[in-house]
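File shown here: start_39.txt, holding compact mmCIF, C-alpha atoms and all ligand atoms.
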# COMPACT_ATOMS: atom_id res chain seq x y z
CA MET M 30 177.82 113.29 6.78
CA VAL M 31 177.04 113.47 10.48
CA TYR M 32 179.94 113.54 12.92
CA GLN M 33 180.17 113.59 16.67
CA CYS M 34 182.03 116.10 18.83
CA GLN M 35 181.85 114.96 22.46
CA ASP M 36 178.23 115.60 23.45
CA PHE M 37 176.78 116.97 20.21
CA SER M 38 176.60 115.79 16.64
CA TYR M 39 177.03 117.97 13.60
CA GLU M 40 176.51 117.74 9.90
CA VAL M 41 179.29 118.62 7.50
CA MET M 42 178.37 120.23 4.20
CA ARG M 43 181.04 120.62 1.57
CA LYS M 44 180.52 123.67 -0.59
CA ARG M 45 182.41 126.09 -2.77
CA VAL M 46 183.41 128.31 0.13
CA LYS M 47 186.75 129.67 1.30
CA HIS M 48 186.33 129.33 5.05
CA MET M 49 184.66 126.99 7.48
CA THR M 50 181.54 128.23 9.20
CA ILE M 51 179.52 126.63 11.95
CA ARG M 52 175.94 127.35 12.87
CA VAL M 53 173.13 126.15 15.09
CA THR M 54 169.81 125.98 13.25
CA PRO M 55 166.48 126.97 14.83
CA LYS M 56 165.85 123.23 15.24
CA ALA M 57 169.01 122.97 17.37
CA GLU M 58 170.99 121.15 14.71
CA VAL M 59 174.65 121.94 14.27
CA THR M 60 175.87 122.35 10.70
CA VAL M 61 179.39 123.02 9.49
CA THR M 62 180.00 124.35 6.01
CA VAL M 63 183.51 123.59 4.74
CA PRO M 64 185.50 124.07 1.53
CA LEU M 65 185.23 121.17 -0.94
CA ARG M 66 188.65 119.70 -0.24
CA CYS M 67 188.97 120.47 3.44
CA PRO M 68 190.71 117.61 5.30
CA GLU M 69 188.62 115.89 7.98
CA ARG M 70 191.19 116.49 10.70
CA GLN M 71 190.92 120.22 10.11
CA ILE M 72 187.13 120.08 10.39
CA ARG M 73 187.33 118.20 13.69
CA GLU M 74 189.79 120.72 15.07
CA PHE M 75 187.61 123.61 13.95
CA VAL M 76 184.50 122.16 15.60
CA ALA M 77 186.42 121.33 18.78
CA ALA M 78 187.60 124.94 18.96
CA LYS M 79 184.01 126.18 18.60
CA SER M 80 182.46 123.58 20.90
CA GLY M 81 182.06 125.99 23.82
CA TRP M 82 180.07 128.40 21.71
CA VAL M 83 177.94 125.57 20.30
CA ARG M 84 177.14 124.20 23.77
CA ARG M 85 176.17 127.62 25.10
CA HIS M 86 173.95 128.15 22.09
CA LEU M 87 172.26 124.75 22.45
CA ALA M 88 171.72 125.28 26.17
CA GLU M 89 170.10 128.63 25.52
CA MET M 90 167.77 127.08 22.96
CA GLU M 91 166.66 124.44 25.43
CA LYS M 92 165.51 127.16 27.80
CA LYS M 93 163.33 128.70 25.14
CA GLN M 94 159.63 128.55 25.38
CA VAL M 95 158.14 127.23 22.19
CA ILE M 96 155.02 128.79 20.72
CA PHE M 97 153.15 126.66 18.21
CA VAL M 98 151.91 129.12 15.65
CA GLN M 99 149.02 126.94 14.51
CA ASP M 100 147.59 126.71 18.04
CA ILE M 101 147.15 130.43 18.57
CA THR M 102 143.71 131.88 19.09
CA PHE M 103 143.73 135.37 17.69
CA GLY M 104 140.58 137.40 17.53
CA LYS M 105 139.33 140.97 17.72
CA VAL M 106 140.51 141.40 21.32
CA GLU M 107 144.08 140.38 20.53
CA GLU M 108 144.06 142.51 17.40
CA GLU M 109 142.86 145.54 19.32
CA GLU M 110 145.57 145.06 21.97
CA LEU M 111 148.29 145.22 19.35
CA LEU M 112 146.71 148.15 17.53
CA ALA M 113 146.56 150.02 20.82
CA LEU M 114 150.32 149.55 21.19
CA VAL M 115 150.91 150.90 17.71
CA ARG M 116 148.77 153.94 18.52
CA ALA M 117 150.60 154.41 21.82
CA TYR M 118 154.08 154.39 20.27
CA LEU M 119 153.41 156.10 16.96
CA PRO M 120 153.55 159.65 18.42
CA ALA M 121 157.13 158.95 19.58
CA PHE M 122 158.04 158.69 15.88
CA ALA M 123 156.64 162.12 15.02
CA PRO M 124 160.15 163.68 14.94
CA TYR M 125 161.01 161.24 12.13
CA HIS M 126 157.95 162.25 10.11
CA VAL M 127 156.69 158.72 9.61
CA MET M 128 153.29 158.15 8.04
CA GLU M 129 150.74 156.13 9.93
CA PRO M 130 151.30 152.57 8.73
CA GLN M 131 148.69 150.07 7.71
CA ILE M 132 148.79 147.16 10.15
CA ARG M 133 148.26 143.56 9.10
CA PHE M 134 148.25 140.38 11.16
CA ARG M 135 149.57 137.02 10.10
CA ARG M 136 150.65 133.71 11.55
CA MET M 137 154.37 133.52 10.89
CA LYS M 138 156.83 130.90 12.01
CA SER M 139 160.07 132.73 11.34
CA ARG M 140 159.61 136.30 12.50
CA TRP M 141 157.67 138.46 14.88
CA GLY M 142 156.98 141.24 12.47
CA SER M 143 157.97 142.85 9.22
CA CYS M 144 157.77 146.27 7.68
CA ASN M 145 157.47 147.46 4.13
CA LYS M 146 158.53 151.09 4.22
CA THR M 147 157.64 151.75 0.59
CA ARG M 148 154.09 150.47 0.99
CA GLY M 149 153.80 151.81 4.53
CA THR M 150 152.66 148.46 5.87
CA ILE M 151 153.63 146.61 9.01
CA THR M 152 152.82 142.95 9.47
CA LEU M 153 152.64 141.69 13.04
CA ASN M 154 152.79 138.04 13.97
CA LYS M 155 149.61 136.78 15.60
CA ALA M 156 151.90 134.86 17.95
CA LEU M 157 152.58 138.17 19.71
CA CYS M 158 149.44 137.56 21.73
CA MET M 159 151.36 134.73 23.45
CA VAL M 160 154.33 136.76 24.71
CA PRO M 161 154.59 139.33 27.53
CA GLN M 162 153.67 142.93 26.91
CA GLU M 163 157.27 144.18 26.89
CA CYS M 164 158.07 141.77 24.06
CA ARG M 165 155.12 143.10 22.08
CA ILE M 166 156.23 146.65 22.72
CA TYR M 167 159.68 145.80 21.45
CA VAL M 168 158.35 144.31 18.21
CA VAL M 169 155.98 147.22 17.61
CA VAL M 170 158.73 149.79 18.19
CA HIS M 171 161.19 147.76 16.09
CA GLU M 172 158.82 147.64 13.12
CA LEU M 173 157.84 151.30 13.47
CA ALA M 174 161.56 152.16 13.47
CA HIS M 175 161.84 150.41 10.11
CA LEU M 176 159.63 153.16 8.72
CA VAL M 177 162.63 155.39 9.46
CA GLU M 178 165.52 153.02 8.71
CA MET M 179 164.93 149.93 6.60
CA ASN M 180 168.01 147.97 7.68
CA HIS M 181 169.42 146.95 11.07
CA SER M 182 172.16 149.55 11.05
CA ALA M 183 173.49 151.47 14.03
CA ALA M 184 171.26 154.35 12.93
CA PHE M 185 168.26 152.03 13.12
CA TYR M 186 169.06 151.00 16.69
CA ARG M 187 169.56 154.63 17.65
CA VAL M 188 165.96 155.27 16.60
CA VAL M 189 164.79 152.25 18.59
CA GLU M 190 166.78 153.37 21.63
CA ASN M 191 165.41 156.90 21.44
CA VAL M 192 161.88 155.61 21.66
CA LEU M 193 162.59 152.69 23.97
CA PRO M 194 165.77 153.24 26.03
CA GLU M 195 165.43 149.81 27.70
CA TYR M 196 164.94 147.97 24.39
CA LYS M 197 167.87 145.58 24.96
CA ASN M 198 166.15 143.98 27.94
CA TYR M 199 162.90 143.67 26.03
CA GLU M 200 164.65 142.14 23.06
CA LYS M 201 166.44 139.67 25.31
CA ARG M 202 163.15 138.65 26.85
CA LEU M 203 161.67 138.09 23.39
CA ARG M 204 164.57 135.81 22.47
CA GLN M 205 163.38 133.39 25.13
CA TYR M 206 160.49 132.50 22.86
CA ALA M 207 160.80 130.32 19.79
CA LEU M 208 158.24 130.00 17.04
CA GLN M 209 157.38 126.64 15.54
CA ASP M 210 154.74 125.74 13.02
CA GLU M 211 153.86 122.20 14.06
CA LYS M 212 154.36 119.78 16.91
ZN ZN Y 301 163.95 144.41 11.74
Take the structure in the file and write it out as structure tokens.
Ligand SMILES: [Zn+2]
Amino acid sequence: MVYQCQDFSYEVMRKRVKHMTIRVTPKAEVTVTVPLRCPERQIREFVAAKSGWVRRHLAEMEKKQVIFVQDITFGKVEEEELLALVRAYLPAFAPYHVMEPQIRFRRMKSRWGSCNKTRGTITLNKALCMVPQECRIYVVVHELAHLVEMNHSAAFYRVVENVLPEYKNYEKRLRQYALQDEK
């Protein structure tokens, strides 16, 4: 069911859950998950209470620059640029005794990079060639830090911050870009 709350619409999904949750999807759709027997009035009140957060979130998404993953041209030059960043930041991880990872490149629509600590591989999104250098640096450092800490714990961010003290600004800048697979 799709409902309306002032200037945005939202979809209500009834599930076996205890509490109501609201989220904004990457496609800027608002979904509310509610317990099976939750009265409609309660849902409306809940959404009204969260409407400020939803509007801020939607406004932020509108500002995002969309990168269409299928349109990217990624060749040897782009690959070399990213590998150079890995080589530049790897020495900063020497105190953590990380092994030199194997770097792979892929077109991905949901993330900028991933790391498999066990295999020692890092996959970087080819879309990185479309974002500013500081965003690339952030992703490279983030994935290298996963060779130390696999999760996104406080300890993980301490590693990131050690290597890249200004990482929060870089990360914020990266959040201005959204990946999409087709037009
Ligand atoms: Zn991560």
Go through chain M residue by residue and, counting all atoms listed in the file, keep those with an atom at most 12 Å from ligand ZN 301 (chain Y); for each kept residue give the shortest atom pair and its distance in Å to one decimal, ordered by chain and increasing number, as JSON lines.
{"residue": "M:Arg140", "atom": "CA", "partner": "Y:ZN301", "partner_atom": "ZN", "distance": 9.2}
{"residue": "M:Trp141", "atom": "CA", "partner": "Y:ZN301", "partner_atom": "ZN", "distance": 9.2}
{"residue": "M:Gly142", "atom": "CA", "partner": "Y:ZN301", "partner_atom": "ZN", "distance": 7.7}
{"residue": "M:Ser143", "atom": "CA", "partner": "Y:ZN301", "partner_atom": "ZN", "distance": 6.7}
{"residue": "M:Cys144", "atom": "CA", "partner": "Y:ZN301", "partner_atom": "ZN", "distance": 7.6}
{"residue": "M:Asn145", "atom": "CA", "partner": "Y:ZN301", "partner_atom": "ZN", "distance": 10.5}
{"residue": "M:Lys146", "atom": "CA", "partner": "Y:ZN301", "partner_atom": "ZN", "distance": 11.4}
{"residue": "M:Ile151", "atom": "CA", "partner": "Y:ZN301", "partner_atom": "ZN", "distance": 10.9}
{"residue": "M:Thr152", "atom": "CA", "partner": "Y:ZN301", "partner_atom": "ZN", "distance": 11.5}
{"residue": "M:Leu153", "atom": "CA", "partner": "Y:ZN301", "partner_atom": "ZN", "distance": 11.7}
{"residue": "M:Tyr167", "atom": "CA", "partner": "Y:ZN301", "partner_atom": "ZN", "distance": 10.7}
{"residue": "M:Val168", "atom": "CA", "partner": "Y:ZN301", "partner_atom": "ZN", "distance": 8.6}
{"residue": "M:Val169", "atom": "CA", "partner": "Y:ZN301", "partner_atom": "ZN", "distance": 10.3}
{"residue": "M:Val170", "atom": "CA", "partner": "Y:ZN301", "partner_atom": "ZN", "distance": 9.9}
{"residue": "M:His171", "atom": "CA", "partner": "Y:ZN301", "partner_atom": "ZN", "distance": 6.1}
{"residue": "M:Glu172", "atom": "CA", "partner": "Y:ZN301", "partner_atom": "ZN", "distance": 6.2}
{"residue": "M:Leu173", "atom": "CA", "partner": "Y:ZN301", "partner_atom": "ZN", "distance": 9.4}
{"residue": "M:Ala174", "atom": "CA", "partner": "Y:ZN301", "partner_atom": "ZN", "distance": 8.3}
{"residue": "M:His175", "atom": "CA", "partner": "Y:ZN301", "partner_atom": "ZN", "distance": 6.6}
{"residue": "M:Leu176", "atom": "CA", "partner": "Y:ZN301", "partner_atom": "ZN", "distance": 10.2}
{"residue": "M:Val177", "atom": "CA", "partner": "Y:ZN301", "partner_atom": "ZN", "distance": 11.3}
{"residue": "M:Glu178", "atom": "CA", "partner": "Y:ZN301", "partner_atom": "ZN", "distance": 9.3}
{"residue": "M:Met179", "atom": "CA", "partner": "Y:ZN301", "partner_atom": "ZN", "distance": 7.6}
{"residue": "M:Asn180", "atom": "CA", "partner": "Y:ZN301", "partner_atom": "ZN", "distance": 6.8}
{"residue": "M:His181", "atom": "CA", "partner": "Y:ZN301", "partner_atom": "ZN", "distance": 6.1}
{"residue": "M:Ser182", "atom": "CA", "partner": "Y:ZN301", "partner_atom": "ZN", "distance": 9.7}
{"residue": "M:Phe185", "atom": "CA", "partner": "Y:ZN301", "partner_atom": "ZN", "distance": 8.9}
{"residue": "M:Tyr186", "atom": "CA", "partner": "Y:ZN301", "partner_atom": "ZN", "distance": 9.7}
{"residue": "M:Val189", "atom": "CA", "partner": "Y:ZN301", "partner_atom": "ZN", "distance": 10.4}
{"residue": "M:Glu200", "atom": "CA", "partner": "Y:ZN301", "partner_atom": "ZN", "distance": 11.6}
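In this structure, atom CA of Val188 of chain M sits 21.9 Å away from atom CA of Leu157 of chain M.
You will find atom CA of Ala77 of chain M at 12.8 Å from atom CA of Met49 of chain M.
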I'd like the neighbourhood of segment 97-104 of chain M as a PDB file with C-alpha atoms, keeping the file's coordinate frame, where a residue qualifies if any of its atoms comes within 7 Å (using all atoms listed in the file), though same-chain residues fewer than 6 positions away should be ignored.
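Below is the file that was written, around24.pdb:
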ATOM      1  CA  ARG M 136     150.650 133.710  11.550  1.00  0.00           C
ATOM      2  CA  MET M 137     154.370 133.520  10.890  1.00  0.00           C
ATOM      3  CA  LYS M 138     156.830 130.900  12.010  1.00  0.00           C
ATOM      4  CA  LYS M 155     149.610 136.780  15.600  1.00  0.00           C
ATOM      5  CA  ALA M 156     151.900 134.860  17.950  1.00  0.00           C
ATOM      6  CA  LEU M 208     158.240 130.000  17.040  1.00  0.00           C
ATOM      7  CA  GLN M 209     157.380 126.640  15.540  1.00  0.00           C
ATOM      8  CA  ASP M 210     154.740 125.740  13.020  1.00  0.00           C
ATOM      9  CA  GLU M 211     153.860 122.200  14.060  1.00  0.00           C
TER      10      GLU M 211
END
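Reported to one decimal place, the separation of atom CA of Ile166 of chain M from atom CA of Asn191 of chain M is 13.8 Å.
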Would you mind listing what lies within 12 Å of Arg84 of chain M as number ranges by chain, with all atoms listed in the file counted and same-chain residues fewer than 3 positions away left out? M: 34-39, 52-53, 57-59, 76-81, 87-91
Working from the structure I just supplied, which lacks atoms in segment 101-112 of chain M, can you model N, CA and C atoms there and output them as a compact mmCIF listing (two decimals), in the coordinates of the input?
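As a result, result39.txt now contains:
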# COMPACT_ATOMS: atom_id res chain seq x y z
N ILE M 101 147.50 129.13 18.01
CA ILE M 101 147.15 130.43 18.57
C ILE M 101 145.69 130.79 18.29
N THR M 102 145.04 131.31 19.32
CA THR M 102 143.71 131.88 19.09
C THR M 102 143.89 133.38 19.01
N PHE M 103 143.52 133.93 17.89
CA PHE M 103 143.73 135.37 17.69
C PHE M 103 142.46 135.97 17.14
N GLY M 104 141.84 136.79 17.95
CA GLY M 104 140.58 137.40 17.53
C GLY M 104 140.63 138.90 17.62
N LYS M 105 139.45 139.50 17.69
CA LYS M 105 139.33 140.97 17.72
C LYS M 105 140.03 141.57 18.94
N VAL M 106 139.92 140.88 20.08
CA VAL M 106 140.51 141.40 21.32
C VAL M 106 142.02 141.51 21.18
N GLU M 107 142.62 140.42 20.68
CA GLU M 107 144.08 140.38 20.53
C GLU M 107 144.54 141.42 19.50
N GLU M 108 143.74 141.54 18.44
CA GLU M 108 144.06 142.51 17.40
C GLU M 108 144.04 143.93 17.96
N GLU M 109 143.02 144.21 18.75
CA GLU M 109 142.86 145.54 19.32
C GLU M 109 144.00 145.87 20.28
N GLU M 110 144.46 144.86 21.03
CA GLU M 110 145.57 145.06 21.97
C GLU M 110 146.83 145.51 21.24
N LEU M 111 147.09 144.87 20.11
CA LEU M 111 148.29 145.22 19.35
C LEU M 111 148.14 146.57 18.67
N LEU M 112 146.94 146.84 18.17
CA LEU M 112 146.71 148.15 17.53
C LEU M 112 146.86 149.28 18.54
